[in-house]
$ cat entry.cif   # mmCIF, C-alpha atoms and all ligand atoms
data_work
loop_
_atom_site.label_atom_id
_atom_site.label_comp_id
_atom_site.auth_asym_id
_atom_site.auth_seq_id
_atom_site.Cartn_x
_atom_site.Cartn_y
_atom_site.Cartn_z
CA MET U 1 -15.19 3.15 16.42
CA SER U 2 -14.15 6.01 14.19
CA ILE U 3 -11.76 5.12 11.40
CA SER U 4 -9.79 7.93 9.72
CA LEU U 5 -7.44 5.90 7.58
CA VAL U 6 -7.47 2.50 5.89
CA VAL U 7 -3.96 1.09 5.41
CA LEU U 8 -3.29 -1.69 2.90
CA GLN U 9 -0.21 -3.84 3.41
CA GLY U 10 1.17 -6.87 1.58
CA PRO U 11 3.77 -8.15 -0.89
CA SER U 12 4.16 -6.98 -4.46
CA ALA U 13 1.26 -7.78 -6.83
CA VAL U 14 -1.10 -9.20 -4.20
CA GLY U 15 -3.64 -6.59 -5.38
CA LYS U 16 -3.28 -3.68 -2.91
CA SER U 17 -3.79 -0.95 -5.54
CA THR U 18 -6.72 -2.82 -7.06
CA ILE U 19 -8.45 -3.14 -3.69
CA GLN U 20 -7.59 0.45 -2.85
CA SER U 21 -9.26 1.74 -5.98
CA ARG U 22 -12.37 -0.43 -5.32
CA LEU U 23 -12.58 1.00 -1.79
CA GLY U 24 -13.20 4.30 -3.56
CA MET U 25 -11.81 6.48 -0.77
CA PRO U 26 -9.49 9.44 -1.40
CA ARG U 27 -5.95 8.10 -1.52
CA VAL U 28 -2.98 9.41 0.39
CA VAL U 29 -0.27 9.79 -2.26
CA THR U 30 3.05 8.88 -0.67
CA TRP U 31 6.57 9.67 -1.88
CA THR U 32 9.07 7.39 -3.57
CA SER U 33 12.53 7.60 -5.11
CA ARG U 34 11.57 4.75 -7.48
CA PRO U 35 11.24 5.84 -11.11
CA PRO U 36 7.66 5.89 -12.44
CA ARG U 37 6.41 2.79 -14.25
CA GLU U 38 4.76 3.18 -17.61
CA GLY U 39 1.38 4.82 -17.08
CA GLU U 40 2.13 6.06 -13.54
CA ARG U 41 1.61 9.78 -12.98
CA ASP U 42 3.45 12.06 -10.59
CA GLY U 43 1.14 13.26 -7.82
CA VAL U 44 -1.42 10.57 -8.62
CA ASP U 45 0.26 7.19 -8.12
CA TYR U 46 3.16 8.55 -6.08
CA CYS U 47 5.02 11.81 -5.73
CA PHE U 48 8.22 10.83 -7.51
CA LYS U 49 11.16 12.47 -5.71
CA GLU U 50 14.92 12.45 -5.77
CA ARG U 51 16.44 10.16 -3.17
CA ALA U 52 18.57 13.04 -1.81
CA GLU U 53 15.50 15.22 -1.28
CA MET U 54 13.70 12.50 0.65
CA GLN U 55 16.77 11.94 2.80
CA ARG U 56 17.11 15.67 3.42
CA LEU U 57 13.48 16.05 4.53
CA TYR U 58 13.75 12.95 6.70
CA GLY U 59 16.81 14.49 8.37
CA LEU U 60 14.80 17.65 9.04
CA GLY U 61 12.07 15.59 10.72
CA GLN U 62 9.57 16.36 7.97
CA MET U 63 8.84 12.73 7.07
CA VAL U 64 6.68 10.74 9.48
CA GLU U 65 8.26 7.53 8.31
CA MET U 66 10.57 6.40 5.59
CA THR U 67 11.62 2.94 4.50
CA GLU U 68 13.99 1.35 2.01
CA TYR U 69 12.18 -1.31 0.00
CA HIS U 70 14.16 -3.31 -2.57
CA GLY U 71 16.58 -0.46 -3.21
CA ASN U 72 14.17 2.48 -3.30
CA LEU U 73 12.98 4.90 -0.64
CA TYR U 74 9.28 5.21 0.22
CA GLY U 75 7.89 7.60 2.77
CA THR U 76 5.08 9.70 4.16
CA PRO U 77 5.68 13.42 4.64
CA LEU U 78 4.32 15.06 7.77
CA SER U 79 2.06 17.31 5.70
CA LEU U 80 0.07 14.26 4.52
CA VAL U 81 -0.63 13.18 8.08
CA GLU U 82 -1.74 16.68 9.00
CA GLU U 83 -4.12 16.54 6.02
CA ILE U 84 -5.64 13.27 7.24
CA VAL U 85 -6.15 14.60 10.76
CA GLY U 86 -7.92 17.69 9.42
CA GLN U 87 -10.43 15.80 7.23
CA ALA U 88 -13.67 14.06 8.14
CA GLU U 89 -13.53 11.75 5.10
CA ILE U 90 -11.83 8.35 5.47
CA ARG U 91 -8.69 8.01 3.33
CA SER U 92 -6.65 5.04 2.22
CA VAL U 93 -2.93 4.47 1.86
CA ILE U 94 -0.59 1.65 0.83
CA LEU U 95 2.34 1.11 3.19
CA ASP U 96 4.84 -1.59 3.96
CA ARG U 97 5.10 -3.11 7.43
CA VAL U 98 7.49 -0.41 8.72
CA GLY U 99 5.23 2.42 7.60
CA ALA U 100 2.09 0.67 8.84
CA GLU U 101 3.60 0.19 12.30
CA LYS U 102 4.57 3.85 12.55
CA ILE U 103 1.17 5.07 11.36
CA ARG U 104 -0.52 2.75 13.83
CA GLN U 105 1.52 4.31 16.63
CA LEU U 106 0.30 7.73 15.52
CA PHE U 107 -3.34 6.93 14.80
CA GLY U 108 -4.03 4.03 17.18
CA ASP U 109 -7.58 2.74 16.78
CA ARG U 110 -8.31 5.26 14.06
CA ILE U 111 -6.65 3.09 11.45
CA LEU U 112 -7.97 -0.08 9.91
CA LEU U 113 -5.04 -2.18 8.78
CA ILE U 114 -5.94 -4.52 5.92
CA GLY U 115 -3.41 -7.19 4.99
CA VAL U 116 -3.57 -8.51 1.45
CA LYS U 117 -2.09 -11.82 0.41
CA ALA U 118 -2.29 -14.17 -2.58
CA ALA U 119 -0.50 -17.28 -3.78
CA ARG U 120 3.10 -16.61 -4.76
CA ALA U 121 2.48 -18.19 -8.19
CA ASP U 122 -0.41 -15.75 -8.77
CA CYS U 123 1.86 -12.81 -7.92
CA GLU U 124 4.56 -14.10 -10.28
CA ARG U 125 2.04 -14.30 -13.12
CA ARG U 126 0.69 -10.83 -12.33
CA LEU U 127 4.20 -9.33 -12.30
CA GLU U 128 4.97 -11.02 -15.61
CA ALA U 129 1.78 -9.54 -17.06
CA ARG U 130 2.88 -6.14 -15.70
CA GLY U 131 5.95 -6.50 -17.92
CA HIS U 132 8.61 -7.21 -15.28
CA GLY U 133 11.48 -9.51 -16.29
CA ALA U 134 12.57 -12.55 -14.28
CA ALA U 135 15.30 -10.67 -12.38
CA GLU U 136 12.95 -7.89 -11.28
CA ILE U 137 10.28 -10.43 -10.29
CA GLY U 138 12.88 -12.28 -8.21
CA VAL U 139 13.75 -9.08 -6.36
CA ARG U 140 10.12 -8.02 -5.83
CA LEU U 141 9.17 -11.42 -4.43
CA SER U 142 12.40 -12.04 -2.48
CA SER U 143 10.71 -11.08 0.80
CA PHE U 144 7.30 -12.58 -0.10
CA GLU U 145 7.11 -15.10 2.78
CA GLU U 146 8.27 -12.60 5.44
CA GLU U 147 5.82 -10.02 4.15
CA VAL U 148 2.94 -12.50 4.32
CA GLU U 149 4.00 -13.51 7.84
CA ALA U 150 4.04 -9.84 8.92
CA LEU U 151 0.35 -9.59 8.03
CA SER U 152 -0.52 -11.34 11.29
CA ASP U 153 -0.51 -7.86 12.90
CA CYS U 154 -3.27 -6.66 10.56
CA ASP U 155 -6.90 -6.23 11.60
CA ILE U 156 -8.17 -8.18 8.56
CA ILE U 157 -6.43 -10.31 5.96
CA LEU U 158 -7.88 -10.63 2.45
CA ASN U 159 -6.78 -13.72 0.54
CA ASN U 160 -6.77 -12.17 -2.92
CA THR U 161 -5.83 -15.19 -5.03
CA ASP U 162 -6.98 -15.35 -8.65
CA ALA U 163 -9.64 -17.87 -7.58
CA ASN U 164 -10.92 -15.53 -4.85
CA ARG U 165 -11.28 -12.44 -7.00
CA ASP U 166 -15.11 -12.20 -6.89
CA LYS U 167 -15.21 -12.91 -3.16
CA VAL U 168 -12.63 -10.21 -2.44
CA ASP U 169 -14.51 -7.75 -4.67
CA ALA U 170 -17.70 -8.39 -2.71
CA LEU U 171 -15.91 -8.06 0.64
CA THR U 172 -14.26 -4.82 -0.47
CA ILE U 173 -17.65 -3.35 -1.30
CA CYS U 174 -19.01 -4.45 2.11
CA LEU U 175 -16.03 -2.81 3.81
CA ARG U 176 -16.47 0.41 1.87
CA GLU U 177 -20.16 0.62 2.66
CA GLY U 178 -19.66 -0.27 6.32
CA LEU U 179 -16.89 2.25 6.81
CA VAL U 180 -18.40 5.13 4.89
CA ASN U 181 -21.80 4.74 6.52
CA ARG U 182 -20.25 4.77 9.99
CA ALA U 183 -17.99 7.77 9.34
N1 LIG U 201 6.66 2.66 4.53
C1 LIG U 201 6.13 3.01 3.36
N2 LIG U 201 5.95 2.09 2.42
C2 LIG U 201 5.40 2.49 1.27
C3 LIG U 201 5.02 3.83 1.03
N3 LIG U 201 4.51 3.90 -0.21
C4 LIG U 201 4.56 2.65 -0.72
N4 LIG U 201 5.09 1.79 0.15
C5 LIG U 201 5.35 0.35 -0.01
O1 LIG U 201 6.36 0.19 -0.99
C6 LIG U 201 6.27 -1.10 -1.57
C7 LIG U 201 6.65 -1.09 -3.04
O2 LIG U 201 5.73 -0.34 -3.76
P1 LIG U 201 5.80 -0.29 -5.35
O3 LIG U 201 7.18 0.05 -5.80
O4 LIG U 201 4.70 0.60 -5.81
O5 LIG U 201 5.60 -1.80 -5.80
P2 LIG U 201 4.41 -2.85 -5.80
O6 LIG U 201 4.08 -3.19 -4.39
O7 LIG U 201 5.02 -3.96 -6.56
O8 LIG U 201 3.26 -2.22 -6.56
C8 LIG U 201 4.87 -1.59 -1.28
O9 LIG U 201 4.99 -2.68 -0.39
C9 LIG U 201 4.20 -0.45 -0.57
O10 LIG U 201 3.43 -0.97 0.45
C10 LIG U 201 5.26 4.78 2.07
O11 LIG U 201 5.00 5.96 1.98
N5 LIG U 201 5.81 4.31 3.20
N1 LIG U 202 -7.86 -11.39 -7.33
C1 LIG U 202 -7.17 -11.14 -8.46
N2 LIG U 202 -7.10 -12.05 -9.42
C2 LIG U 202 -6.38 -11.84 -10.55
N3 LIG U 202 -5.69 -10.72 -10.81
C3 LIG U 202 -5.70 -9.75 -9.86
C4 LIG U 202 -6.44 -9.90 -8.65
N4 LIG U 202 -6.28 -8.76 -7.92
C5 LIG U 202 -5.47 -7.95 -8.63
N5 LIG U 202 -5.13 -8.54 -9.80
C6 LIG U 202 -4.25 -8.01 -10.86
O1 LIG U 202 -2.91 -8.19 -10.40
C7 LIG U 202 -2.08 -7.12 -10.84
C8 LIG U 202 -1.36 -6.51 -9.62
O2 LIG U 202 -2.33 -5.88 -8.81
P1 LIG U 202 -2.00 -4.53 -8.03
O3 LIG U 202 -3.29 -4.10 -7.43
O4 LIG U 202 -1.27 -3.56 -8.90
O5 LIG U 202 -0.99 -5.09 -6.91
P2 LIG U 202 -0.10 -4.35 -5.82
O6 LIG U 202 -0.64 -2.94 -5.69
O7 LIG U 202 -0.28 -5.16 -4.58
O8 LIG U 202 1.30 -4.41 -6.34
C9 LIG U 202 -2.98 -6.12 -11.57
O9 LIG U 202 -2.86 -6.33 -12.94
C10 LIG U 202 -4.38 -6.51 -11.10
O10 LIG U 202 -5.36 -6.25 -12.08
#

$ encode --input "entry.cif" --output "structure tokens" --more "lines below"
Ligand SMILES: Nc1nc2c(ncn2[C@@H]2O[C@H](COP(=O)(O)OP(=O)(O)O)[C@@H](O)[C@H]2O)c(=O)[nH]1
Ligand SMILES: Nc1ncnc2c1ncn2[C@@H]1O[C@H](COP(=O)(O)OP(=O)(O)O)[C@@H](O)[C@H]1O
Amino acid sequence: MSISLVVLQGPSAVGKSTIQSRLGMPRVVTWTSRPPREGERDGVDYCFKERAEMQRLYGLGQMVEMTEYHGNLYGTPLSLVEEIVGQAEIRSVILDRVGAEKIRQLFGDRILLIGVKAARADCERRLEARGHGAAEIGVRLSSFEEEVEALSDCDIILNNTDANRDKVDALTICLREGLVNRA
């Protein structure tokens, strides 16, 4: 087994970014038309792009995949995939189900697809703490159940509830050590 890319998938606020940062692997920074949240930096959290530019590049075949998620575009430009192929180091990326499926088609067994879930009530609390209002939380969690169901295609599912935090931390470290030592 030789993994090139770890993909994290799951509903809003289940803890994908938290787990990604604990994995400690270089991150693939994808593109979005969503405006940056407070504290997010262009080129670090996402490359923040105009919707029209993303659509134009998609039309030119320069995006490997692109998806509309709750009113915003998210996508992976071809250049990022070329970067992954050219590097020995394992990278990580956060994608929704559409992106994960496409990347799996391209990378086959070279991806490890980690599904992340949590209790809906935990996610609501986390989104509230992140400063989202009730309407925004409603939108972000409107596809919660379908997104959790879609995780059945993942290689591993981490149940990142508030109560499981320490367990998930420990598992994430095991995963990192196992993957990096095998690379
Ligand atoms: N297909 C695809 N999905 C992406 C990409 N980047 C991010 N996403 C997904 O977009 C969704 C929304 O991300 P974001 O707006 O950061 O909200 P959050 O999940 O609440 O932190 C998440 O489910 C991500 O998995 C991408 O390049 N391609
Ligand atoms: N197991 C956990 N228990 C409690 N809070 C958590 C847990 N995992 C993540 N969080 C917190 O939940 C919030 C959302 O996590 P984040 O990683 O940004 O989610 P996502 O990337 O899936 O939207 C953050 O404030 C994070 O610190």

$ residues_near_ligand --input "entry.cif" --ligand "ligand LIG 202 (chain U)" --cutoff "6 Å" --atoms "only C-alpha atoms and all ligand atoms" --output "ChimeraX atom specification"
/U:12-18,126,160-162,164-165

$ closest_residue --input "entry.cif" --among "U:Leu80, U:Ala170, U:Ile19, U:Ala119" --to "Leu141 of chain U" --atoms "all atoms listed in the file"
U:Ala119

$ closest_atom_pairs --input "entry.cif" --of "chain U" --to "ligand LIG 201 (chain U)" --cutoff "7 Å" --atoms "all atoms listed in the file" --output "Markdown table"
| residue | atom | partner | partner_atom | distance |
| --- | --- | --- | --- | --- |
| U:Gln9 | CA | U:LIG201 | O10 | 5.5 |
| U:Gly10 | CA | U:LIG201 | O9 | 6.0 |
| U:Pro11 | CA | U:LIG201 | O9 | 5.6 |
| U:Ser12 | CA | U:LIG201 | O7 | 3.8 |
| U:Ala13 | CA | U:LIG201 | O7 | 5.4 |
| U:Thr30 | CA | U:LIG201 | O11 | 4.4 |
| U:Trp31 | CA | U:LIG201 | O11 | 5.6 |
| U:Thr32 | CA | U:LIG201 | N3 | 6.7 |
| U:Arg34 | CA | U:LIG201 | O3 | 6.6 |
| U:Glu65 | CA | U:LIG201 | N1 | 6.4 |
| U:Met66 | CA | U:LIG201 | N1 | 5.5 |
| U:Thr67 | CA | U:LIG201 | N1 | 5.0 |
| U:Tyr69 | CA | U:LIG201 | O1 | 6.1 |
| U:Tyr74 | CA | U:LIG201 | C10 | 4.4 |
| U:Gly75 | CA | U:LIG201 | O11 | 3.4 |
| U:Thr76 | CA | U:LIG201 | O11 | 4.3 |
| U:Ile94 | CA | U:LIG201 | O10 | 4.8 |
| U:Leu95 | CA | U:LIG201 | O10 | 3.6 |
| U:Asp96 | CA | U:LIG201 | O10 | 3.8 |
| U:Arg97 | CA | U:LIG201 | N1 | 6.6 |
| U:Val98 | CA | U:LIG201 | N1 | 5.3 |
| U:Gly99 | CA | U:LIG201 | N1 | 3.4 |
| U:Ala100 | CA | U:LIG201 | N1 | 6.6 |
| U:Arg140 | CA | U:LIG201 | O7 | 6.6 |

$ write_last_selection --input "entry.cif" --atoms "C-alpha atoms" --output "tab-separated table (two decimals), in the frame of the given file"
chain	number	residue	atom	x	y	z
U	9	GLN	CA	-0.21	-3.84	3.41
U	10	GLY	CA	1.17	-6.87	1.58
U	11	PRO	CA	3.77	-8.15	-0.89
U	12	SER	CA	4.16	-6.98	-4.46
U	13	ALA	CA	1.26	-7.78	-6.83
U	30	THR	CA	3.05	8.88	-0.67
U	31	TRP	CA	6.57	9.67	-1.88
U	32	THR	CA	9.07	7.39	-3.57
U	34	ARG	CA	11.57	4.75	-7.48
U	65	GLU	CA	8.26	7.53	8.31
U	66	MET	CA	10.57	6.40	5.59
U	67	THR	CA	11.62	2.94	4.50
U	69	TYR	CA	12.18	-1.31	0.00
U	74	TYR	CA	9.28	5.21	0.22
U	75	GLY	CA	7.89	7.60	2.77
U	76	THR	CA	5.08	9.70	4.16
U	94	ILE	CA	-0.59	1.65	0.83
U	95	LEU	CA	2.34	1.11	3.19
U	96	ASP	CA	4.84	-1.59	3.96
U	97	ARG	CA	5.10	-3.11	7.43
U	98	VAL	CA	7.49	-0.41	8.72
U	99	GLY	CA	5.23	2.42	7.60
U	100	ALA	CA	2.09	0.67	8.84
U	140	ARG	CA	10.12	-8.02	-5.83

$ closest_residue --input "entry.cif" --among "U:Leu57, U:Val180, U:Val81, U:Leu8" --to "Ile157 of chain U" --atoms "all atoms listed in the file"
U:Leu8

$ residues_around --input "entry.cif" --residues "Ala52 of chain U" --least-positions-apart "5" --cutoff "10 Å" --atoms "only C-alpha atoms" --output "VMD selection string"
chain U and resid 33 57 to 58 73

$ closest_residue --input "entry.cif" --among "U:Gly86, U:Ala121, U:Ile111, U:Ser21" --to "Ile137 of chain U" --atoms "only C-alpha atoms"
U:Ala121

$ residues_near_point --input "entry.cif" --point "(-0.9, -7.0, 6.4)" --cutoff "8 Å" --atoms "only C-alpha atoms" --output "ChimeraX atom specification"
/U:8-10,97,113-117,147-148,150-157

$ closest_residue --input "entry.cif" --among "U:Asn159, U:Thr172, U:Ser143, U:Ser92" --to "Ile3 of chain U" --atoms "only C-alpha atoms"
U:Ser92

$ residues_around --input "entry.cif" --residues "Gly131 of chain U" --least-positions-apart "6" --cutoff "12 Å" --atoms "only C-alpha atoms" --output "number ranges by chain"
U: 37-38, 124-125, 137

$ closest_residue --input "entry.cif" --among "U:Ala135, U:Leu127, U:Val29, U:Ile103" --to "Phe48 of chain U" --atoms "all atoms listed in the file"
U:Val29

$ residues_around --input "entry.cif" --residues "Arg176 of chain U" --least-positions-apart "6" --cutoff "9 Å" --atoms "only C-alpha atoms" --output "PyMOL selection string"
chain U and resi 22-25

$ build_atoms --input "entry.cif" --residues "segment 154-165 of chain U" --atoms "N, CA and C atoms" --output "CSV table (one decimal), keeping the file's coordinate frame"
chain,number,residue,atom,x,y,z
U,154,CYS,N,-2.2,-7.4,11.2
U,154,CYS,CA,-3.3,-6.7,10.6
U,154,CYS,C,-4.6,-7.0,11.2
U,155,ASP,N,-5.6,-6.0,11.0
U,155,ASP,CA,-6.9,-6.2,11.6
U,155,ASP,C,-7.7,-7.3,10.8
U,156,ILE,N,-7.5,-7.3,9.5
U,156,ILE,CA,-8.2,-8.2,8.6
U,156,ILE,C,-7.1,-8.6,7.5
U,157,ILE,N,-7.3,-9.9,7.1
U,157,ILE,CA,-6.4,-10.3,6.0
U,157,ILE,C,-7.3,-10.8,4.8
U,158,LEU,N,-7.1,-10.2,3.6
U,158,LEU,CA,-7.9,-10.6,2.4
U,158,LEU,C,-7.0,-11.6,1.6
U,159,ASN,N,-7.5,-12.7,1.3
U,159,ASN,CA,-6.8,-13.7,0.5
U,159,ASN,C,-7.1,-13.5,-0.9
U,160,ASN,N,-6.4,-12.6,-1.6
U,160,ASN,CA,-6.8,-12.2,-2.9
U,160,ASN,C,-6.1,-13.0,-4.0
U,161,THR,N,-6.3,-14.3,-4.0
U,161,THR,CA,-5.8,-15.2,-5.0
U,161,THR,C,-6.7,-15.0,-6.3
U,162,ASP,N,-6.2,-15.5,-7.4
U,162,ASP,CA,-7.0,-15.4,-8.6
U,162,ASP,C,-8.4,-16.0,-8.4
U,163,ALA,N,-8.4,-17.1,-7.8
U,163,ALA,CA,-9.6,-17.9,-7.6
U,163,ALA,C,-10.6,-17.1,-6.7
U,164,ASN,N,-10.1,-16.2,-5.8
U,164,ASN,CA,-10.9,-15.5,-4.8
U,164,ASN,C,-11.4,-14.2,-5.3
U,165,ARG,N,-11.1,-13.8,-6.5
U,165,ARG,CA,-11.3,-12.4,-7.0
U,165,ARG,C,-12.7,-11.9,-6.7
